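Asker: My file is final-v8.txt. It has compact mmCIF, C-alpha atoms (C1' of nucleotides):
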# COMPACT_ATOMS: atom_id res chain seq x y z
CA MET A 1 16.33 -12.55 12.68
CA PRO A 2 14.61 -9.59 11.20
CA GLU A 3 11.45 -8.22 12.66
CA LEU A 4 9.81 -4.93 11.77
CA PRO A 5 12.55 -2.63 13.14
CA GLU A 6 15.33 -4.50 11.36
CA VAL A 7 13.48 -4.57 8.04
CA GLU A 8 12.54 -0.91 8.42
CA THR A 9 16.20 -0.09 9.05
CA VAL A 10 17.27 -1.85 5.86
CA ALA A 11 14.50 -0.26 3.79
CA ARG A 12 15.34 3.25 5.01
CA GLN A 13 19.01 2.76 4.20
CA LEU A 14 18.45 1.18 0.80
CA ALA A 15 15.89 3.67 -0.49
CA PRO A 16 18.35 6.55 -1.04
CA LEU A 17 21.12 4.21 -2.17
CA VAL A 18 19.27 2.43 -4.96
CA SER A 19 16.31 4.59 -5.94
CA GLY A 20 16.59 5.70 -9.55
CA ARG A 21 19.07 2.98 -10.47
CA VAL A 22 18.44 0.81 -13.50
CA VAL A 23 18.51 -2.98 -13.25
CA GLU A 24 20.98 -4.92 -15.35
CA ARG A 25 19.82 -8.33 -14.24
CA LEU A 26 18.65 -10.53 -11.41
CA GLU A 27 20.76 -13.62 -10.75
CA ILE A 28 19.34 -16.46 -8.69
CA LEU A 29 22.13 -18.59 -7.24
CA ASP A 30 20.07 -20.82 -4.92
CA ARG A 31 17.48 -22.91 -6.72
CA ARG A 32 15.52 -23.15 -3.48
CA LEU A 33 14.40 -19.59 -4.28
CA GLY A 34 12.62 -20.92 -7.35
CA ARG A 35 12.85 -19.67 -10.89
CA ILE A 36 11.97 -16.12 -11.71
CA ARG A 37 11.02 -15.95 -15.36
CA THR A 38 10.38 -12.24 -15.53
CA SER A 39 13.28 -10.26 -16.86
CA LEU A 40 13.98 -7.17 -14.81
CA ARG A 41 16.50 -5.74 -17.27
CA GLY A 42 16.02 -2.07 -17.95
CA LEU A 43 13.55 -1.48 -15.12
CA ARG A 44 14.27 1.39 -12.78
CA ILE A 45 13.96 1.20 -9.00
CA SER A 46 11.50 3.81 -7.82
CA THR A 47 11.72 3.08 -4.12
CA VAL A 48 12.37 0.52 -1.39
CA SER A 49 9.88 0.10 1.41
CA ARG A 50 8.64 -2.33 4.02
CA VAL A 51 5.38 -4.23 4.35
CA GLY A 52 5.25 -6.19 7.59
CA LYS A 53 8.56 -8.06 7.70
CA GLN A 54 9.05 -7.91 3.93
CA LEU A 55 11.31 -5.60 1.97
CA VAL A 56 9.70 -4.34 -1.17
CA VAL A 57 11.68 -3.02 -4.13
CA GLU A 58 9.38 -1.16 -6.49
CA LEU A 59 10.43 -1.27 -10.14
CA CYS A 60 9.03 0.62 -13.06
CA GLY A 61 9.91 0.93 -16.68
CA PRO A 62 8.64 1.52 -20.18
CA PRO A 63 6.00 -0.88 -21.55
CA ARG A 64 7.73 -3.99 -22.78
CA ARG A 65 6.83 -6.84 -25.06
CA THR A 66 5.67 -9.95 -23.24
CA ARG A 67 7.36 -13.05 -24.53
CA SER A 68 4.42 -15.33 -23.76
CA THR A 69 2.02 -13.61 -26.17
CA GLY A 70 1.44 -15.23 -29.55
CA ALA A 71 3.57 -14.92 -32.64
CA LYS A 72 2.91 -11.24 -33.09
CA GLY A 73 3.33 -10.17 -29.48
CA HIS A 74 2.16 -6.80 -28.28
CA ALA A 75 3.13 -4.14 -25.84
CA SER A 76 1.89 -4.90 -22.36
CA ASP A 77 1.11 -2.18 -19.85
CA ALA A 78 0.97 -4.76 -17.10
CA ALA A 79 4.74 -5.13 -17.25
CA ASP A 80 5.12 -1.44 -16.52
CA ARG A 81 5.37 -1.89 -12.78
CA LEU A 82 6.70 -4.72 -10.64
CA TRP A 83 7.38 -5.31 -7.00
CA LEU A 84 10.24 -7.48 -5.83
CA ALA A 85 9.38 -8.72 -2.35
CA VAL A 86 12.20 -10.08 -0.20
CA HIS A 87 11.50 -11.91 3.04
CA LEU A 88 14.64 -12.29 5.14
CA ARG A 89 13.08 -14.88 7.47
CA MET A 90 15.71 -15.87 10.05
CA THR A 91 19.14 -15.09 8.64
CA GLY A 92 18.60 -13.13 5.44
CA ARG A 93 20.46 -9.92 4.62
CA LEU A 94 20.11 -7.49 1.76
CA LEU A 95 23.47 -5.81 1.33
CA TRP A 96 24.39 -2.89 -0.90
CA THR A 97 27.80 -2.88 -2.58
CA PRO A 98 28.74 0.10 -4.75
CA ALA A 99 30.52 -0.62 -8.03
CA GLY A 100 34.24 -1.13 -7.60
CA ARG A 101 33.90 -2.88 -4.24
CA ALA A 102 33.72 -6.64 -3.79
CA PRO A 103 30.23 -7.95 -3.03
CA PRO A 104 29.87 -10.67 -0.36
CA ARG A 105 30.36 -14.24 -1.53
CA GLU A 106 29.60 -16.37 1.50
CA HIS A 107 26.01 -17.68 1.60
CA LEU A 108 25.17 -15.53 -1.40
CA ARG A 109 21.77 -16.67 -2.74
CA ALA A 110 20.82 -13.99 -5.29
CA ARG A 111 22.13 -10.74 -6.74
CA LEU A 112 20.30 -7.80 -8.22
CA ILE A 113 22.87 -6.15 -10.44
CA LEU A 114 22.25 -2.45 -10.92
CA ALA A 115 23.97 0.36 -12.72
CA GLY A 116 26.52 1.52 -10.17
CA GLY A 117 26.40 -1.39 -7.76
CA GLU A 118 24.61 -4.48 -6.61
CA LEU A 119 22.15 -5.69 -4.02
CA SER A 120 23.25 -9.03 -2.60
CA PHE A 121 20.80 -11.39 -0.96
CA VAL A 122 22.80 -13.35 1.60
CA ASP A 123 21.07 -16.02 3.68
CA LEU A 124 22.87 -18.60 5.77
CA ARG A 125 19.88 -20.80 6.55
CA ARG A 126 18.25 -20.41 3.15
CA LEU A 127 14.80 -19.87 4.61
CA GLY A 128 14.37 -16.46 3.00
CA THR A 129 12.16 -15.91 -0.02
CA LEU A 130 12.15 -13.70 -3.06
CA ARG A 131 9.06 -13.08 -5.17
CA ILE A 132 7.85 -10.88 -7.97
CA HIS A 133 4.41 -9.32 -7.69
CA ARG A 134 2.56 -7.67 -10.56
CA SER A 135 0.14 -5.75 -8.41
CA ARG A 136 0.45 -3.85 -5.21
CA ASP A 137 -2.57 -5.73 -3.85
CA ALA A 138 -0.56 -8.93 -3.82
CA LEU A 139 1.65 -7.33 -1.19
CA GLN A 140 -1.06 -6.13 1.12
CA ALA A 141 -1.17 -8.41 4.10
CA VAL A 142 -4.28 -8.97 6.16
CA GLY A 143 -2.76 -7.63 9.38
CA VAL A 144 -2.48 -4.01 10.51
CA GLU A 145 0.78 -2.06 10.49
CA PRO A 146 1.39 -1.40 14.19
CA LEU A 147 2.92 2.05 13.65
CA ALA A 148 0.20 3.27 11.31
CA ALA A 149 -2.26 5.90 12.58
CA GLN A 150 -4.93 3.37 11.72
CA LEU A 151 -3.92 1.32 14.76
CA THR A 152 -5.54 3.13 17.67
CA SER A 153 -5.75 1.57 21.11
CA ARG A 154 -9.43 1.01 20.37
CA VAL A 155 -8.65 -0.91 17.19
CA LEU A 156 -6.16 -3.03 19.11
CA ALA A 157 -8.72 -3.73 21.84
CA ASP A 158 -11.18 -4.86 19.16
CA LEU A 159 -8.58 -7.17 17.64
CA LEU A 160 -7.86 -8.73 21.03
CA ALA A 161 -11.50 -9.20 21.95
CA GLY A 162 -12.74 -12.76 22.15
CA SER A 163 -9.38 -14.46 21.65
CA ALA A 164 -8.46 -17.18 24.12
CA GLN A 165 -4.96 -17.43 22.68
CA PRO A 166 -2.14 -16.45 25.07
CA ILE A 167 -1.10 -12.89 24.32
CA LYS A 168 2.55 -13.72 23.52
CA PRO A 169 1.85 -16.08 20.58
CA TRP A 170 -1.03 -13.77 19.64
CA LEU A 171 1.42 -10.91 19.10
CA LEU A 172 3.37 -13.09 16.64
CA ARG A 173 0.33 -13.58 14.40
CA GLN A 174 0.85 -11.75 11.14
CA ASP A 175 -2.89 -11.78 10.41
CA ARG A 176 -3.45 -9.39 13.33
CA LEU A 177 -0.50 -7.02 13.78
CA LEU A 178 2.27 -7.03 11.19
CA GLY A 179 5.95 -7.22 11.91
CA ILE A 180 6.20 -8.24 15.56
CA GLY A 181 8.49 -11.23 16.11
CA ASN A 182 9.85 -13.22 19.00
CA ILE A 183 12.20 -10.62 20.46
CA TYR A 184 9.86 -7.65 20.41
CA ALA A 185 6.82 -9.66 21.58
CA SER A 186 8.60 -10.35 24.88
CA GLU A 187 9.94 -6.79 25.13
CA ILE A 188 6.52 -5.27 24.44
CA LEU A 189 4.76 -7.39 27.07
CA HIS A 190 7.41 -6.52 29.63
CA ARG A 191 7.00 -2.84 29.00
CA ALA A 192 3.21 -3.22 29.25
CA HIS A 193 3.47 -5.20 32.54
CA ILE A 194 1.45 -8.02 30.98
CA HIS A 195 2.16 -11.71 31.59
CA PRO A 196 2.78 -13.61 28.31
CA GLU A 197 0.31 -16.36 29.23
CA ARG A 198 -2.67 -14.06 29.67
CA PRO A 199 -5.42 -14.87 27.15
CA ALA A 200 -5.48 -12.04 24.60
CA GLY A 201 -9.19 -11.49 25.10
CA SER A 202 -8.82 -11.17 28.87
CA LEU A 203 -7.04 -7.82 28.73
CA GLY A 204 -9.08 -4.96 30.09
CA ALA A 205 -9.30 -1.55 28.45
CA THR A 206 -6.45 -0.15 30.54
CA GLU A 207 -4.21 -3.10 29.73
CA ALA A 208 -5.04 -2.92 26.04
CA ARG A 209 -4.08 0.74 26.12
CA ARG A 210 -0.79 -0.08 27.87
CA LEU A 211 -0.11 -2.80 25.30
CA TRP A 212 -0.85 -0.39 22.45
CA LEU A 213 1.57 2.17 23.90
CA ALA A 214 4.25 -0.47 24.48
CA VAL A 215 3.94 -1.77 20.90
CA ARG A 216 4.62 1.68 19.51
CA GLN A 217 7.28 2.68 22.01
CA VAL A 218 9.31 -0.51 21.72
CA LEU A 219 9.17 -0.69 17.91
CA ARG A 220 10.01 3.00 17.52
CA ALA A 221 12.91 2.78 19.97
CA ALA A 222 14.26 -0.30 18.17
CA ILE A 223 14.08 1.52 14.82
CA ARG A 224 15.96 4.47 16.33
CA HIS A 225 18.72 2.06 17.33
CA CYS A 226 18.78 0.36 13.92
CA GLY A 227 17.38 -2.93 15.19
CA THR A 228 18.64 -5.77 17.35
CA THR A 229 21.65 -7.90 16.47
CA ILE A 230 21.93 -11.10 18.50
CA SER A 231 24.14 -12.92 16.03
CA ASP A 232 23.03 -12.50 12.44
CA PHE A 233 21.33 -9.23 11.69
CA GLN A 234 23.17 -6.77 9.49
CA ASP A 235 21.78 -3.64 7.91
CA ALA A 236 22.15 -2.72 4.24
CA ARG A 237 25.73 -1.66 4.84
CA GLY A 238 26.64 -4.80 6.76
CA ARG A 239 26.58 -3.21 10.20
CA ALA A 240 24.93 -4.54 13.36
CA GLY A 241 22.04 -2.84 15.15
CA SER A 242 22.38 -1.71 18.75
CA PHE A 243 19.03 -2.34 20.40
CA GLN A 244 20.35 -5.61 21.91
CA ARG A 245 21.99 -3.47 24.57
CA ARG A 246 18.60 -2.17 25.64
CA LEU A 247 16.67 -5.42 25.76
CA ALA A 248 14.78 -5.67 29.03
CA VAL A 249 14.05 -9.41 29.10
CA TYR A 250 14.81 -11.21 25.82
CA GLY A 251 17.71 -13.61 26.25
CA ARG A 252 18.17 -12.63 29.91
CA GLU A 253 16.91 -15.76 31.68
CA GLY A 254 18.00 -15.78 35.34
CA GLU A 255 19.20 -12.19 35.26
CA PRO A 256 17.45 -9.51 37.30
CA CYS A 257 14.53 -7.61 35.81
CA ARG A 258 15.70 -4.10 35.02
CA ARG A 259 12.52 -2.69 36.51
CA CYS A 260 11.92 -4.63 39.74
CA GLY A 261 14.98 -6.83 40.18
CA GLY A 262 12.97 -10.06 40.06
CA PRO A 263 14.42 -12.95 38.06
CA VAL A 264 13.73 -13.02 34.33
CA GLU A 265 12.06 -16.32 33.46
CA ARG A 266 12.01 -18.26 30.21
CA ARG A 267 9.05 -20.37 29.19
CA VAL A 268 8.25 -22.07 25.88
CA GLN A 269 4.95 -21.09 24.24
CA ALA A 270 3.89 -22.54 20.91
CA GLY A 271 7.41 -23.85 20.47
CA ARG A 272 9.12 -20.51 21.03
CA SER A 273 10.91 -18.98 23.99
CA SER A 274 9.15 -16.25 25.93
CA TYR A 275 11.05 -14.13 28.42
CA PHE A 276 9.31 -12.24 31.20
CA CYS A 277 9.44 -11.11 34.78
CA GLY A 278 6.89 -13.00 36.85
CA ARG A 279 7.02 -10.33 39.52
CA CYS A 280 6.04 -7.26 37.53
CA GLN A 281 4.15 -8.83 34.63
CA ARG A 282 0.66 -9.93 35.63
C1' DG B 1 -4.89 -23.42 18.45
C1' DG B 2 0.03 -26.24 18.88
C1' DG B 3 3.64 -29.45 16.82
C1' DT B 4 6.80 -30.03 13.16
C1' DA B 5 9.58 -29.22 9.14
C1' DC B 6 12.40 -26.37 6.52
C1' DC B 7 18.09 -25.09 6.69
C1' DT B 8 22.72 -24.15 8.66
C1' DG B 9 25.69 -23.16 12.24
C1' DA B 10 27.02 -21.79 17.06
C1' DA B 11 27.05 -22.88 21.64
C1' DA B 12 26.06 -25.69 25.62
C1' DT C 1 26.16 -34.81 21.10
C1' DT C 2 22.18 -32.10 21.76
C1' DT C 3 19.84 -27.77 21.84
C1' DC C 4 18.75 -23.48 20.16
C1' DA C 5 18.05 -19.60 16.81
C1' DG C 6 15.23 -13.14 14.86
C1' DG C 7 9.98 -16.94 10.62
C1' DT C 8 6.31 -19.15 8.62
C1' DA C 9 3.82 -22.98 5.96
C1' DC C 10 1.52 -27.02 6.55
C1' DC C 11 -0.27 -30.86 9.42
C1' DC C 12 -4.02 -32.37 12.62
Now that the file is in, can you turn its structure into structure tokens?
Answerer:
Amino acid sequence: MPELPEVETVARQLAPLVSGRVVERLEILDRRLGRIRTSLRGLRISTVSRVGKQLVVELCGPPRRTRSTGAKGHASDAADRLWLAVHLRMTGRLLWTPAGRAPPREHLRARLILAGGELSFVDLRRLGTLRIHRSRDALQAVGVEPLAAQLTSRVLADLLAGSAQPIKPWLLRQDRLLGIGNIYASEILHRAHIHPERPAGSLGATEARRLWLAVRQVLRAAIRHCGTTISDFQDARGRAGSFQRRLAVYGREGEPCRRCGGPVERRVQAGRSSYFCGRCQR
DNA sequence: GGGTACCTGAAA
DNA sequence: TTTCAGGTACCC
């Protein structure tokens, strides 16, 4: 479910709600998430942000004693700062419930209990992940953030160069651009007038520039509308996004293209549906 | 590169 | 009953 705009929406909402709050404990309810040995008790949330499609809760606290050190034990600076990375995958939600209100119970997989409320990790399909990182480097993905100033149209053109992979599955690669998923890949290519089966490396300079613009315009617009809710996505307060009303092609097979009136087609690429207008995407 | 598995549920 | 789903890890 959640691509960059949905995750960004959740991060922006959570940051002011939970920053500064102290952790009571982390409860893992689904053993599929694995064991987390590190105690988070007493750590304070400094901020919530997004890296690619991951939500990152930054925690800091006073130096603590590590339990794994020998009999004496000693204060460890390394424990001073931790990052809790949550990947929502297909159906994950991170929901904020202030103290005094009832947190969700259905499909609840983990809870981060804080002073004044709790963050509930709800995930119907149980594909989501939750990990603790001890360094910021562990979070840095190889791909480029598509909304960062670093991504110029020139940088994008260089990334595309030489690739024979069709552009639609290319856009889903998280080792190139971060955060684009199946909905926005189709929407971006429609806006850029580019056919999803074009080899990535075959795009000329003008097309690469159009693609670059479309990436930024579509993602920014989707963030403004708090993401796309087809069936599952909810923001930190449990509300749906609204960008689904503005989708140009995704999920609209057989309906008329909003730009030229031609029929929207659906084709499977690398096992995933692509939607496009064969008349105005070349 | 693409196919498949992972997991659960809704819809066709 | 079968197909499909916003993601990605692992297999050739």
Asker: Show me, as a list in words, the residues that have an atom within 6 Å of Leu177 (chain A) when counting all atoms listed in the file, minus same-chain residues fewer than 5 positions from it.
Answerer: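 Contacts, with the query itself left out: Gly143, Val144 and Pro146 of chain A.
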Asker: Select, as a list of chain:residue names, those residues of chain C with any atom no more than 10 Å from chain A (distances computed using only C-alpha atoms (C1' of nucleotides)).
Answerer: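 Close to chain A, chain C has C:DC4, C:DA5, C:DG6, C:DG7, C:DT8.
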Asker: Take the selection from the previous step and output its residues with C-alpha atoms (C1' of nucleotides), as a PDB file, in the frame of the given file.
Answerer:
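Writing done, so here's selection-v7.pdb:
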ATOM      1  C1'  DC C   4      18.750 -23.480  20.160  1.00  0.00           C
ATOM      2  C1'  DA C   5      18.050 -19.600  16.810  1.00  0.00           C
ATOM      3  C1'  DG C   6      15.230 -13.140  14.860  1.00  0.00           C
ATOM      4  C1'  DG C   7       9.980 -16.940  10.620  1.00  0.00           C
ATOM      5  C1'  DT C   8       6.310 -19.150   8.620  1.00  0.00           C
TER       6       DT C   8
END
Asker: Write out as JSON, numbers by chain the residues lying within 9 Å of region 259-263 of chain A, counting only C-alpha atoms (C1' of nucleotides) and excluding same-chain residues fewer than 4 positions away.
Answerer: {"A": [248, 252, 253, 254, 255, 276, 277, 278, 279, 280]}
Asker: Just need the residues of chain B within 6 Å of chain A, counting all atoms listed in the file, so spit them out as a PyMOL selection string.
Answerer: chain B and resi 2+7-8
Asker: The selected residues should be written to file as a tab-separated table (two decimals), keeping the file's coordinate frame (atoms: C-alpha atoms (C1' of nucleotides)).
Answerer:
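Okay, again.tsv is ready:
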chain	number	residue	atom	x	y	z
B	2	DG	C1'	0.03	-26.24	18.88
B	7	DC	C1'	18.09	-25.09	6.69
B	8	DT	C1'	22.72	-24.15	8.66
Asker: Pick out the residues sitting within 9 Å of region 236-246 of chain A, and hand them over as a PyMOL selection string; count only C-alpha atoms (C1' of nucleotides), and ignore anything fewer than 6 positions along from it in its own chain.
Answerer: chain A and resi 6+9-11+13-14+93-97+119+221-230
Asker: Using the file's own x, y and z axes, so that the box edges lie along x, y and z, what centre and edge lengths in Å (one decimal) does a box around every listed atom of region 253-263 of chain A get when 4 Å is added on each side? Give it as JSON.
Answerer:
{"center_x": 15.6, "center_y": -9.2, "center_z": 35.9, "size_x": 15.3, "size_y": 21.1, "size_z": 16.5}
Asker: Pick out the residues sitting within 10 Å of region 54-62 of chain A, and hand them over as a PyMOL selection string; count all atoms listed in the file, and ignore anything fewer than 5 positions along from it in its own chain.
Answerer: chain A and resi 2-4+7-8+10-11+14-15+18-23+40-49+75-77+79-89+94+129-133+136+139+178-179
